[in-house]
>>> print(open('work00.csv').read())   # CSV, C-alpha atoms and all ligand atoms
chain,number,residue,atom,x,y,z
A,1267,MET,CA,25.4,-18.7,-32.4
A,1268,PRO,CA,25.0,-14.9,-32.5
A,1269,LEU,CA,22.1,-13.3,-30.7
A,1270,SER,CA,19.0,-12.5,-32.9
A,1271,VAL,CA,19.3,-8.8,-31.9
A,1272,LYS,CA,21.9,-6.1,-32.4
A,1273,HIS,CA,21.0,-4.3,-29.2
A,1274,LEU,CA,19.8,-5.6,-25.8
A,1275,LEU,CA,16.9,-3.1,-25.4
A,1276,GLY,CA,14.5,-5.4,-23.6
A,1277,ILE,CA,13.7,-9.0,-22.9
A,1278,LYS,CA,10.5,-8.6,-25.0
A,1279,GLU,CA,12.7,-8.6,-28.2
A,1280,LEU,CA,14.7,-11.8,-27.2
A,1281,ASN,CA,13.8,-15.3,-28.1
A,1282,VAL,CA,14.3,-18.4,-25.9
A,1283,ASN,CA,17.4,-19.4,-27.8
A,1284,ASP,CA,18.9,-15.9,-27.1
A,1285,ILE,CA,18.2,-16.4,-23.4
A,1286,GLU,CA,19.7,-19.9,-23.3
A,1287,GLN,CA,22.7,-18.7,-25.2
A,1288,ILE,CA,23.3,-15.9,-22.7
A,1289,PHE,CA,23.0,-18.4,-19.8
A,1290,GLN,CA,25.4,-20.9,-21.4
A,1291,THR,CA,27.9,-18.1,-22.1
A,1292,ALA,CA,27.5,-16.8,-18.5
A,1293,ASP,CA,28.2,-20.4,-17.2
A,1294,ASN,CA,31.6,-20.2,-19.0
A,1295,PHE,CA,32.4,-16.7,-17.7
A,1296,LYS,CA,31.4,-17.7,-14.2
A,1297,GLN,CA,34.2,-20.3,-14.3
A,1298,VAL,CA,36.6,-17.5,-15.5
A,1299,LEU,CA,35.5,-15.4,-12.5
A,1300,GLN,CA,36.5,-18.3,-10.1
A,1301,ARG,CA,40.2,-18.2,-11.4
A,1302,PRO,CA,42.9,-16.3,-9.6
A,1303,ILE,CA,43.2,-14.0,-12.7
A,1304,LYS,CA,39.5,-13.2,-13.4
A,1305,LYS,CA,40.1,-11.7,-16.9
A,1306,VAL,CA,40.1,-12.7,-20.6
A,1307,PRO,CA,41.5,-10.5,-23.3
A,1308,THR,CA,38.5,-11.1,-25.7
A,1309,LEU,CA,37.4,-7.4,-26.0
A,1310,ARG,CA,40.9,-5.8,-25.8
A,1311,ASP,CA,40.1,-3.9,-29.1
A,1312,THR,CA,36.7,-2.7,-27.9
A,1313,THR,CA,35.7,0.5,-26.0
A,1314,VAL,CA,32.4,0.6,-24.0
A,1315,ALA,CA,30.8,3.7,-22.6
A,1316,ASN,CA,28.6,3.4,-19.5
A,1317,ILE,CA,26.2,6.4,-19.6
A,1318,PHE,CA,24.0,6.7,-16.6
A,1319,PHE,CA,21.4,9.4,-16.4
A,1320,GLU,CA,19.9,7.9,-13.2
A,1321,ASN,CA,21.5,6.7,-10.0
A,1322,SER,CA,22.9,3.2,-9.7
A,1323,THR,CA,25.2,1.2,-7.5
A,1324,ARG,CA,24.9,-2.5,-8.6
A,1325,THR,CA,24.2,-2.2,-12.3
A,1326,ARG,CA,26.9,0.4,-13.0
A,1327,LEU,CA,29.6,-1.3,-11.0
A,1328,SER,CA,28.6,-4.7,-12.4
A,1329,PHE,CA,28.8,-3.5,-16.0
A,1330,GLU,CA,32.1,-1.8,-15.5
A,1331,LEU,CA,33.6,-5.0,-13.9
A,1332,ALA,CA,32.1,-7.2,-16.7
A,1333,GLU,CA,33.7,-5.0,-19.3
A,1334,LYS,CA,37.1,-4.8,-17.6
A,1335,ARG,CA,37.1,-8.6,-17.1
A,1336,LEU,CA,36.6,-9.0,-20.8
A,1337,GLY,CA,39.6,-6.7,-21.4
A,1338,ALA,CA,37.6,-3.8,-22.9
A,1339,ASP,CA,38.5,-0.1,-22.5
A,1340,VAL,CA,35.8,1.6,-20.4
A,1341,VAL,CA,34.6,5.1,-20.1
A,1342,ASN,CA,32.0,6.2,-17.5
A,1343,PHE,CA,29.6,9.1,-17.9
A,1344,SER,CA,27.1,10.4,-15.2
A,1345,ALA,CA,24.6,13.0,-16.2
A,1346,SER,CA,25.2,14.9,-12.9
A,1347,GLY,CA,28.3,17.1,-13.5
A,1348,SER,CA,28.1,16.8,-17.3
A,1349,SER,CA,27.0,19.2,-20.1
A,1350,VAL,CA,23.5,17.7,-19.9
A,1351,SER,CA,22.9,20.4,-17.3
A,1352,LYS,CA,23.8,23.0,-20.0
A,1353,GLY,CA,21.0,21.8,-22.2
A,1354,GLU,CA,22.8,19.2,-24.4
A,1355,THR,CA,20.4,16.6,-25.9
A,1356,LEU,CA,20.6,12.8,-25.4
A,1357,ILE,CA,21.6,12.3,-29.1
A,1358,ASP,CA,24.3,15.0,-29.0
A,1359,THR,CA,25.7,13.7,-25.8
A,1360,VAL,CA,25.9,10.1,-27.1
A,1361,ASN,CA,27.2,11.2,-30.6
A,1362,ASN,CA,30.0,13.1,-28.9
A,1363,ILE,CA,30.9,10.1,-26.8
A,1364,LEU,CA,30.8,7.9,-30.0
A,1365,ALA,CA,33.1,10.4,-31.9
A,1366,MET,CA,35.8,9.3,-29.4
A,1367,LYS,CA,35.6,5.8,-31.1
A,1368,VAL,CA,33.4,4.0,-28.6
A,1369,ASP,CA,32.0,0.7,-29.9
A,1370,MET,CA,29.2,0.0,-27.4
A,1371,VAL,CA,26.9,2.0,-25.2
A,1372,VAL,CA,25.4,0.8,-21.9
A,1373,MET,CA,22.7,3.3,-20.9
A,1374,ARG,CA,20.4,3.9,-17.9
A,1375,HIS,CA,17.8,6.6,-18.3
A,1376,SER,CA,14.7,7.7,-16.3
A,1377,ALA,CA,12.7,8.0,-19.5
A,1378,SER,CA,11.0,4.8,-20.6
A,1379,GLY,CA,11.9,4.1,-24.2
A,1380,ALA,CA,15.1,6.2,-24.2
A,1381,PRO,CA,17.3,3.2,-25.4
A,1382,TRP,CA,14.9,2.5,-28.3
A,1383,PHE,CA,15.0,6.1,-29.3
A,1384,LEU,CA,18.8,6.1,-29.3
A,1385,ALA,CA,19.0,2.8,-31.3
A,1386,ASN,CA,17.2,4.6,-34.1
A,1387,HIS,CA,19.8,7.3,-34.2
A,1388,ILE,CA,23.2,5.8,-33.7
A,1389,ASP,CA,25.1,2.8,-35.1
A,1390,ALA,CA,26.8,1.4,-32.0
A,1391,SER,CA,25.2,-1.5,-30.1
A,1392,ILE,CA,23.1,-0.4,-27.1
A,1393,VAL,CA,22.5,-2.3,-23.8
A,1394,ASN,CA,19.6,-1.1,-21.7
A,1395,ALA,CA,20.7,-0.8,-18.1
A,1396,GLY,CA,17.2,0.2,-17.0
A,1397,ASP,CA,14.8,2.7,-18.7
A,1398,GLY,CA,12.1,4.4,-16.5
A,1399,THR,CA,9.3,2.0,-15.6
A,1400,ASN,CA,9.8,-0.1,-18.7
A,1401,GLU,CA,12.6,-2.7,-18.8
A,1402,HIS,CA,15.8,-3.8,-17.0
A,1403,PRO,CA,16.8,-6.7,-19.1
A,1404,THR,CA,20.1,-7.7,-17.6
A,1405,GLN,CA,18.5,-7.7,-14.1
A,1406,ALA,CA,15.8,-10.2,-15.4
A,1407,LEU,CA,18.5,-12.3,-17.0
A,1408,LEU,CA,20.6,-12.5,-13.8
A,1409,ASP,CA,17.4,-13.1,-11.8
A,1410,ALA,CA,16.3,-16.0,-14.0
A,1411,TYR,CA,19.9,-17.3,-14.1
A,1412,SER,CA,20.1,-17.3,-10.3
A,1413,MET,CA,16.7,-19.1,-10.0
A,1414,ARG,CA,17.9,-21.7,-12.6
A,1415,GLU,CA,21.1,-22.3,-10.6
A,1416,LYS,CA,19.0,-23.3,-7.6
A,1417,LEU,CA,16.0,-25.0,-9.2
A,1418,GLY,CA,17.2,-26.2,-12.6
A,1419,ASN,CA,14.9,-25.8,-15.6
A,1420,LEU,CA,12.3,-23.1,-14.7
A,1421,LYS,CA,9.5,-24.7,-16.7
A,1422,GLY,CA,6.5,-25.0,-14.4
A,1423,LYS,CA,8.3,-23.4,-11.4
A,1424,ARG,CA,6.1,-20.9,-9.5
A,1425,ILE,CA,7.6,-17.4,-9.1
A,1426,THR,CA,5.9,-14.7,-7.2
A,1427,ILE,CA,6.9,-11.1,-7.7
A,1428,ILE,CA,5.9,-9.0,-4.7
A,1429,GLY,CA,5.7,-5.2,-4.2
A,1430,ASP,CA,5.6,-2.1,-6.4
A,1431,ILE,CA,4.8,-3.9,-9.7
A,1432,MET,CA,3.3,-0.7,-11.2
A,1433,HIS,CA,6.6,1.3,-11.2
A,1434,SER,CA,9.1,-1.6,-11.6
A,1435,ARG,CA,11.1,-2.2,-14.7
A,1436,VAL,CA,12.5,-5.3,-12.9
A,1437,ALA,CA,8.9,-6.7,-12.7
A,1438,LEU,CA,8.2,-6.2,-16.4
A,1439,SER,CA,11.5,-7.7,-17.6
A,1440,ASN,CA,11.1,-10.6,-15.1
A,1441,ILE,CA,7.6,-11.3,-16.4
A,1442,PHE,CA,8.7,-11.4,-20.0
A,1443,CYS,CA,11.8,-13.5,-19.2
A,1444,LEU,CA,10.1,-16.0,-16.9
A,1445,ASN,CA,7.1,-16.4,-19.3
A,1446,LYS,CA,9.5,-17.2,-22.1
A,1447,LEU,CA,11.2,-19.8,-19.9
A,1448,GLY,CA,7.9,-21.5,-19.1
A,1449,ALA,CA,7.6,-20.5,-15.4
A,1450,GLU,CA,4.3,-19.7,-13.7
A,1451,VAL,CA,4.3,-16.0,-12.6
A,1452,THR,CA,2.1,-14.4,-9.9
A,1453,VAL,CA,2.3,-10.8,-8.9
A,1454,SER,CA,1.3,-9.7,-5.4
A,1455,GLY,CA,1.0,-6.4,-3.5
A,1456,PRO,CA,-1.5,-3.7,-2.8
A,1457,PRO,CA,-4.1,-3.2,-5.6
A,1458,THR,CA,-2.9,0.4,-6.1
A,1459,LEU,CA,0.6,-0.8,-7.0
A,1460,ILE,CA,-0.5,-3.5,-9.5
A,1461,PRO,CA,-1.5,-2.3,-13.0
A,1462,LYS,CA,-5.0,-3.0,-14.1
A,1463,HIS,CA,-5.2,-5.9,-16.7
A,1464,ILE,CA,-1.7,-7.1,-15.9
A,1465,GLU,CA,-3.2,-10.6,-16.4
A,1466,SER,CA,-3.0,-9.9,-20.1
A,1467,LEU,CA,0.8,-10.4,-19.8
A,1468,GLY,CA,0.2,-14.0,-18.8
A,1469,VAL,CA,0.5,-13.6,-15.0
A,1470,LYS,CA,-1.8,-14.3,-12.1
A,1471,VAL,CA,-2.6,-11.7,-9.4
A,1472,GLU,CA,-2.8,-12.5,-5.7
A,1473,TYR,CA,-3.3,-9.4,-3.5
A,1474,ASP,CA,-2.7,-11.3,-0.2
A,1475,VAL,CA,1.0,-11.7,0.1
A,1476,LYS,CA,0.7,-14.6,2.7
A,1477,LYS,CA,-1.4,-16.6,0.2
A,1478,ALA,CA,1.0,-15.7,-2.7
A,1479,LEU,CA,4.0,-17.1,-0.6
A,1480,GLN,CA,2.1,-20.3,0.1
A,1481,LYS,CA,1.9,-21.1,-3.6
A,1482,CYS,CA,5.5,-20.2,-4.8
A,1483,ASP,CA,8.9,-21.7,-5.1
A,1484,VAL,CA,10.6,-18.3,-5.4
A,1485,ALA,CA,9.6,-14.9,-4.0
A,1486,ASN,CA,11.2,-12.0,-5.8
A,1487,VAL,CA,10.6,-9.0,-3.5
A,1488,LEU,CA,10.7,-5.5,-5.0
A,1489,ARG,CA,11.5,-2.1,-3.6
A,1490,ILE,CA,8.8,0.5,-3.1
A,1491,GLN,CA,9.8,3.1,-5.7
A,1492,LEU,CA,8.7,6.3,-3.9
A,1493,GLU,CA,10.7,8.4,-6.4
A,1494,ARG,CA,8.3,7.4,-9.1
A,1495,GLN,CA,5.1,7.8,-7.1
A,1496,HIS,CA,3.8,11.3,-7.7
A,1497,LYS,CA,0.7,10.8,-5.5
A,1498,PRO,CA,0.3,8.6,-2.4
A,1499,LEU,CA,-0.6,5.0,-3.3
A,1500,PHE,CA,-0.7,3.6,0.2
A,1501,SER,CA,-1.1,5.4,3.6
A,1502,THR,CA,2.3,4.9,5.3
A,1503,LEU,CA,5.5,2.8,4.9
A,1504,ARG,CA,4.7,1.4,8.3
A,1505,GLU,CA,1.3,0.2,7.2
A,1506,TYR,CA,2.8,-1.2,3.9
A,1507,ALA,CA,5.4,-3.2,6.0
A,1508,LEU,CA,2.6,-4.5,8.2
A,1509,TYR,CA,0.4,-5.8,5.4
A,1510,PHE,CA,2.7,-6.4,2.4
A,1511,GLY,CA,6.3,-6.7,3.9
A,1512,VAL,CA,7.9,-10.1,3.9
A,1513,ASN,CA,9.0,-11.2,7.4
A,1514,LYS,CA,10.3,-14.3,9.1
A,1515,ALA,CA,7.0,-15.3,10.7
A,1516,MET,CA,5.4,-15.5,7.2
A,1517,LEU,CA,8.2,-17.8,6.0
A,1518,ASP,CA,8.1,-19.9,9.1
A,1519,SER,CA,4.4,-20.4,8.7
A,1520,LEU,CA,5.0,-22.0,5.2
A,1521,GLN,CA,6.7,-25.0,6.8
A,1522,ARG,CA,8.9,-25.5,3.7
A,1523,ASP,CA,11.8,-23.6,2.1
A,1524,ILE,CA,11.3,-21.1,-0.6
A,1525,ILE,CA,13.9,-18.9,-2.3
A,1526,ILE,CA,14.0,-15.2,-1.5
A,1527,MET,CA,15.3,-12.7,-4.0
A,1528,HIS,CA,15.5,-8.9,-4.2
A,1529,PRO,CA,17.1,-6.9,-7.0
A,1530,GLY,CA,18.3,-4.2,-4.6
A,1531,PRO,CA,18.6,-1.6,-3.3
A,1532,ILE,CA,16.7,-3.0,-0.2
A,1533,ASN,CA,14.5,-0.9,2.0
A,1534,ARG,CA,15.0,-3.0,5.1
A,1535,GLY,CA,11.9,-3.1,7.4
A,1536,VAL,CA,9.6,-2.0,4.6
A,1537,GLU,CA,9.2,-4.5,1.8
A,1538,ILE,CA,11.5,-7.1,3.4
A,1539,ASN,CA,12.8,-7.6,7.0
A,1540,SER,CA,16.5,-8.1,7.7
A,1541,ASP,CA,15.7,-11.6,9.2
A,1542,VAL,CA,14.5,-12.6,5.7
A,1543,ALA,CA,17.0,-10.6,3.6
A,1544,ASP,CA,19.9,-12.1,5.5
A,1545,SER,CA,18.4,-15.6,6.0
A,1546,LYS,CA,19.7,-18.8,4.5
A,1547,SER,CA,16.7,-18.7,2.1
A,1548,SER,CA,18.0,-15.4,0.6
A,1549,ILE,CA,20.1,-15.5,-2.6
A,1550,ILE,CA,20.3,-11.7,-2.9
A,1551,LEU,CA,24.1,-11.6,-3.0
A,1552,ASP,CA,24.2,-14.6,-5.4
A,1553,GLN,CA,22.1,-12.4,-7.7
A,1554,VAL,CA,24.7,-9.6,-7.5
A,1555,GLU,CA,27.6,-12.1,-8.1
A,1556,ASN,CA,25.8,-13.7,-11.1
A,1557,GLY,CA,25.2,-10.2,-12.6
A,1558,VAL,CA,28.8,-9.8,-13.6
A,1559,ALA,CA,28.9,-13.2,-15.5
A,1560,ILE,CA,25.5,-12.4,-17.2
A,1561,ARG,CA,26.7,-8.9,-18.2
A,1562,MET,CA,30.0,-10.3,-19.5
A,1563,ALA,CA,27.9,-12.8,-21.6
A,1564,VAL,CA,25.6,-10.1,-23.0
A,1565,ILE,CA,28.5,-7.8,-24.0
A,1566,TYR,CA,30.6,-10.6,-25.4
A,1567,LEU,CA,27.6,-11.9,-27.5
A,1568,LEU,CA,26.6,-8.5,-28.8
A,1569,SER,CA,30.3,-7.7,-29.7
A,1570,GLY,CA,30.2,-10.4,-32.3
A,1571,LYS,CA,33.6,-11.8,-31.1
A,1572,ARG,CA,34.0,-15.5,-31.7
A,1573,GLU,CA,36.9,-16.3,-29.4
A,1574,MET,CA,36.3,-16.4,-25.6
A,1575,GLU,CA,40.1,-17.1,-24.8
B,1601,LIG,N1,19.1,-3.6,-9.2
B,1601,LIG,C1,19.5,-2.4,-9.6
B,1601,LIG,O1,19.3,-2.0,-10.7
B,1601,LIG,O2,20.3,-1.7,-8.7
B,1601,LIG,P1,21.0,-0.3,-8.9
B,1601,LIG,O3,19.9,0.7,-9.1
B,1601,LIG,O4,21.8,0.0,-7.7
B,1601,LIG,O5,21.8,-0.4,-10.2
>>> encode(input="work00.csv", output="structure tokens")
Amino acid sequence: MPLSVKHLLGIKELNVNDIEQIFQTADNFKQVLQRPIKKVPTLRDTTVANIFFENSTRTRLSFELAEKRLGADVVNFSASGSSVSKGETLIDTVNNILAMKVDMVVMRHSASGAPWFLANHIDASIVNAGDGTNEHPTQALLDAYSMREKLGNLKGKRITIIGDIMHSRVALSNIFCLNKLGAEVTVSGPPTLIPKHIESLGVKVEYDVKKALQKCDVANVLRIQLERQHKPLFSTLREYALYFGVNKAMLDSLQRDIIIMHPGPINRGVEINSDVADSKSSIILDQVENGVAIRMAVIYLLSGKREME
């Protein structure tokens, strides 16, 4: 079954069948990634451009590995050191890359909506690798896939997203994805970092992180995004860590196991302590591992190829 979309711009545009299709395809690619030769030649006639206008470690490397493990040719573009600094527009930049016979574009951009804008101006399929404070769809897919691996069907499972909800594209994509899969989502953190009326997205709000942890099966802890905060929204990082950081004492007080997640990069000692990030409850590195299989699935399904090989 093909996906119902030509591009992966956001989770908002996907239906439940699309998400299940991506998960089932990722299951197959996860098996490929366990083999001694972790590659299939499915996309050997396809060229993918990864164009990153914003910093990235995990997402950029994960997409590049996913594309190479599907046999695609890959070109990488970073805005720093490019002709963007000479005033070239986004559309001109991408059209010049496409003129070199590129079939698919994976893009990260600091402007919310940039992938939608591009989709209206070019023919190639676009995968959103994170746009401003809007969406990060492959992160939400790999997060939900990692939860499903531990908990099975997510219907009725209680997921708490903790931290800087206001500036987080991971939070919004997770909310859309988890709602579609029937999970119960709560957001938690300081009132200044939780958007007003967020309940209209179908989530609960619990400002007390300890109480939020008591009621959840999974805590997805998010980074404080200082680079997007143009005025102070809490007094100091130390105070944030004291009142909203997740630490081992909090987990011990629950007297039951919950799953700890974080999309990275981690600010150790701020939103999460090392004794939680590195604990047996943490599946942070499983998330990173699953990211490659999820991105292989997304690229494969959008390519329209029918043979996995
Ligand atoms: N999770 C995530 O998007 O990490 P990077 O910014 O390193 O890609």
>>> closest_residue(input="work00.csv", among="A:His1273, A:Arg1489, A:Lys1476, A:Lys1497", to="ligand LIG 1601 (chain B)", atoms="only C-alpha atoms and all ligand atoms")
A:Arg1489
>>> closest_atom_pairs(input="work00.csv", of="chain A", to="ligand LIG 1601 (chain B)", cutoff="6 Å", atoms="all atoms listed in the file", output="JSON lines")
{"residue": "A:Ser1322", "atom": "CA", "partner": "B:LIG1601", "partner_atom": "O5", "distance": 3.8}
{"residue": "A:Thr1323", "atom": "CA", "partner": "B:LIG1601", "partner_atom": "O4", "distance": 3.6}
{"residue": "A:Arg1324", "atom": "CA", "partner": "B:LIG1601", "partner_atom": "O5", "distance": 4.1}
{"residue": "A:Thr1325", "atom": "CA", "partner": "B:LIG1601", "partner_atom": "O5", "distance": 3.7}
{"residue": "A:Arg1326", "atom": "CA", "partner": "B:LIG1601", "partner_atom": "O5", "distance": 5.9}
{"residue": "A:Pro1529", "atom": "CA", "partner": "B:LIG1601", "partner_atom": "N1", "distance": 4.4}
{"residue": "A:Gly1530", "atom": "CA", "partner": "B:LIG1601", "partner_atom": "N1", "distance": 4.7}
{"residue": "A:Pro1531", "atom": "CA", "partner": "B:LIG1601", "partner_atom": "O2", "distance": 5.7}
>>> closest_residue(input="work00.csv", among="A:Leu1331, A:Leu1269, A:Val1469, A:Ile1428", to="Val1564 (chain A)", atoms="all atoms listed in the file")
A:Leu1269
>>> closest_residue(input="work00.csv", among="A:Pro1302, A:Leu1508, A:Arg1374, A:Val1451", to="Lys1423 (chain A)", atoms="all atoms listed in the file")
A:Val1451
>>> residues_around(input="work00.csv", residues="Gly1337 (chain A)", least_positions_apart="4", cutoff="12 Å", atoms="all atoms listed in the file", output="JSON list (two decimals) with C-alpha atoms, in the coordinates of the input")
[["chain", "number", "residue", "atom", "x", "y", "z"],
["A", 1303, "ILE", "CA", 43.20, -14.00, -12.70],
["A", 1304, "LYS", "CA", 39.50, -13.20, -13.40],
["A", 1305, "LYS", "CA", 40.10, -11.70, -16.90],
["A", 1306, "VAL", "CA", 40.10, -12.70, -20.60],
["A", 1307, "PRO", "CA", 41.50, -10.50, -23.30],
["A", 1308, "THR", "CA", 38.50, -11.10, -25.70],
["A", 1309, "LEU", "CA", 37.40, -7.40, -26.00],
["A", 1310, "ARG", "CA", 40.90, -5.80, -25.80],
["A", 1311, "ASP", "CA", 40.10, -3.90, -29.10],
["A", 1312, "THR", "CA", 36.70, -2.70, -27.90],
["A", 1313, "THR", "CA", 35.70, 0.50, -26.00],
["A", 1314, "VAL", "CA", 32.40, 0.60, -24.00],
["A", 1330, "GLU", "CA", 32.10, -1.80, -15.50],
["A", 1331, "LEU", "CA", 33.60, -5.00, -13.90],
["A", 1332, "ALA", "CA", 32.10, -7.20, -16.70],
["A", 1333, "GLU", "CA", 33.70, -5.00, -19.30],
["A", 1562, "MET", "CA", 30.00, -10.30, -19.50],
["A", 1565, "ILE", "CA", 28.50, -7.80, -24.00],
["A", 1566, "TYR", "CA", 30.60, -10.60, -25.40],
["A", 1574, "MET", "CA", 36.30, -16.40, -25.60],
["A", 1575, "GLU", "CA", 40.10, -17.10, -24.80]]
>>> closest_atom_pairs(input="work00.csv", of="region 1326-1361 of chain A", to="region 1366-1371 of chain A", cutoff="9 Å", atoms="only C-alpha atoms", output="tab-separated table")
residue	atom	partner	partner_atom	distance
A:Asp1339	CA	A:Val1368	CA	8.9
A:Val1340	CA	A:Val1368	CA	8.9
A:Val1341	CA	A:Val1368	CA	8.7
A:Val1360	CA	A:Val1371	CA	8.4
A:Asn1361	CA	A:Met1366	CA	8.9
>>> write_last_selection(input="work00.csv", atoms="C-alpha atoms", output="PDB file, in the coordinates of the input")
ATOM      1  CA  ASP A1339      38.500  -0.100 -22.500  1.00  0.00           C
ATOM      2  CA  VAL A1340      35.800   1.600 -20.400  1.00  0.00           C
ATOM      3  CA  VAL A1341      34.600   5.100 -20.100  1.00  0.00           C
ATOM      4  CA  VAL A1360      25.900  10.100 -27.100  1.00  0.00           C
ATOM      5  CA  ASN A1361      27.200  11.200 -30.600  1.00  0.00           C
TER       6      ASN A1361
END
>>> closest_residue(input="work00.csv", among="A:Glu1472, A:Asp1293, A:Glu1354, A:Glu1401", to="Leu1275 (chain A)", atoms="only C-alpha atoms")
A:Glu1401
>>> closest_residue(input="work00.csv", among="A:Leu1438, A:Ala1515, A:Val1484, A:Ile1550", to="Thr1426 (chain A)", atoms="all atoms listed in the file")
A:Val1484
>>> closest_residue(input="work00.csv", among="A:Ile1538, A:Met1527, A:Leu1488, A:Ile1431", to="Tyr1473 (chain A)", atoms="only C-alpha atoms")
A:Ile1431
>>> atom_distance(input="work00.csv", atom1="CA of Gly1396 (chain A)", atom2="CA of Asn1321 (chain A)")
10.5 Å
>>> atom_distance(input="work00.csv", atom1="CA of Phe1500 (chain A)", atom2="CA of Lys1462 (chain A)")
16.3 Å
>>> residues_around(input="work00.csv", residues="Gln1491 (chain A)", least_positions_apart="2", cutoff="7 Å", atoms="only C-alpha atoms", output="compact mmCIF listing (two decimals) with C-alpha atoms, keeping the file's coordinate frame")
# COMPACT_ATOMS: atom_id res chain seq x y z
CA ASP A 1430 5.60 -2.10 -6.40
CA HIS A 1433 6.60 1.30 -11.20
CA ARG A 1489 11.50 -2.10 -3.60
CA GLU A 1493 10.70 8.40 -6.40
CA ARG A 1494 8.30 7.40 -9.10
CA GLN A 1495 5.10 7.80 -7.10
>>> residues_around(input="work00.csv", residues="Met1432 (chain A)", least_positions_apart="2", cutoff="7 Å", atoms="only C-alpha atoms", output="list in words")
Asp1430, Ser1434, Leu1459, Ile1460 and Pro1461 of chain A
>>> write_last_selection(input="work00.csv", atoms="C-alpha atoms", output="PDB file, in the coordinates of the input")
ATOM      1  CA  ASP A1430       5.600  -2.100  -6.400  1.00  0.00           C
ATOM      2  CA  SER A1434       9.100  -1.600 -11.600  1.00  0.00           C
ATOM      3  CA  LEU A1459       0.600  -0.800  -7.000  1.00  0.00           C
ATOM      4  CA  ILE A1460      -0.500  -3.500  -9.500  1.00  0.00           C
ATOM      5  CA  PRO A1461      -1.500  -2.300 -13.000  1.00  0.00           C
TER       6      PRO A1461
END
>>> decode(input="work00.csv", residues="region 1493-1538 of chain A", atoms="C-alpha atoms", output="PDB file, in the first residue's frame")
ATOM      1  CA  GLU A1493      18.199  29.281  21.039  1.00  0.00           C
ATOM      2  CA  ARG A1494      14.465  29.845  20.401  1.00  0.00           C
ATOM      3  CA  GLN A1495      13.754  31.783  23.615  1.00  0.00           C
ATOM      4  CA  HIS A1496      14.161  35.470  22.836  1.00  0.00           C
ATOM      5  CA  LYS A1497      13.247  36.590  26.358  1.00  0.00           C
ATOM      6  CA  PRO A1498      13.729  34.775  29.690  1.00  0.00           C
ATOM      7  CA  LEU A1499      10.935  32.280  30.406  1.00  0.00           C
ATOM      8  CA  PHE A1500      12.392  30.949  33.676  1.00  0.00           C
ATOM      9  CA  SER A1501      14.910  32.423  36.106  1.00  0.00           C
ATOM     10  CA  THR A1502      17.971  30.160  35.793  1.00  0.00           C
ATOM     11  CA  LEU A1503      18.863  26.722  34.433  1.00  0.00           C
ATOM     12  CA  ARG A1504      19.672  25.699  38.018  1.00  0.00           C
ATOM     13  CA  GLU A1505      16.190  26.585  39.169  1.00  0.00           C
ATOM     14  CA  TYR A1506      14.668  24.840  36.132  1.00  0.00           C
ATOM     15  CA  ALA A1507      16.625  21.663  37.006  1.00  0.00           C
ATOM     16  CA  LEU A1508      15.484  21.905  40.625  1.00  0.00           C
ATOM     17  CA  TYR A1509      11.754  22.163  39.877  1.00  0.00           C
ATOM     18  CA  PHE A1510      11.299  20.545  36.451  1.00  0.00           C
ATOM     19  CA  GLY A1511      14.380  18.361  35.836  1.00  0.00           C
ATOM     20  CA  VAL A1512      13.845  14.590  35.970  1.00  0.00           C
ATOM     21  CA  ASN A1513      16.134  12.899  38.525  1.00  0.00           C
ATOM     22  CA  LYS A1514      16.574   9.438  40.021  1.00  0.00           C
ATOM     23  CA  ALA A1515      14.940  10.331  43.347  1.00  0.00           C
ATOM     24  CA  MET A1516      11.737  11.184  41.451  1.00  0.00           C
ATOM     25  CA  LEU A1517      11.787   7.844  39.609  1.00  0.00           C
ATOM     26  CA  ASP A1518      12.559   5.890  42.799  1.00  0.00           C
ATOM     27  CA  SER A1519       9.584   7.521  44.539  1.00  0.00           C
ATOM     28  CA  LEU A1520       7.233   6.064  41.890  1.00  0.00           C
ATOM     29  CA  GLN A1521       7.946   2.490  43.087  1.00  0.00           C
ATOM     30  CA  ARG A1522       7.254   1.147  39.580  1.00  0.00           C
ATOM     31  CA  ASP A1523       9.130   1.261  36.290  1.00  0.00           C
ATOM     32  CA  ILE A1524       8.380   3.811  33.627  1.00  0.00           C
ATOM     33  CA  ILE A1525      10.115   4.267  30.277  1.00  0.00           C
ATOM     34  CA  ILE A1526      12.365   7.301  29.887  1.00  0.00           C
ATOM     35  CA  MET A1527      12.894   8.889  26.475  1.00  0.00           C
ATOM     36  CA  HIS A1528      14.646  11.964  25.113  1.00  0.00           C
ATOM     37  CA  PRO A1529      15.022  12.970  21.447  1.00  0.00           C
ATOM     38  CA  GLY A1530      18.492  14.478  22.026  1.00  0.00           C
ATOM     39  CA  PRO A1531      20.610  16.455  22.218  1.00  0.00           C
ATOM     40  CA  ILE A1532      20.525  16.118  26.037  1.00  0.00           C
ATOM     41  CA  ASN A1533      21.344  18.923  28.451  1.00  0.00           C
ATOM     42  CA  ARG A1534      22.599  16.678  31.250  1.00  0.00           C
ATOM     43  CA  GLY A1535      21.812  18.086  34.682  1.00  0.00           C
ATOM     44  CA  VAL A1536      19.162  20.464  33.309  1.00  0.00           C
ATOM     45  CA  GLU A1537      16.036  18.683  32.002  1.00  0.00           C
ATOM     46  CA  ILE A1538      17.382  15.219  32.847  1.00  0.00           C
TER      47      ILE A1538
END
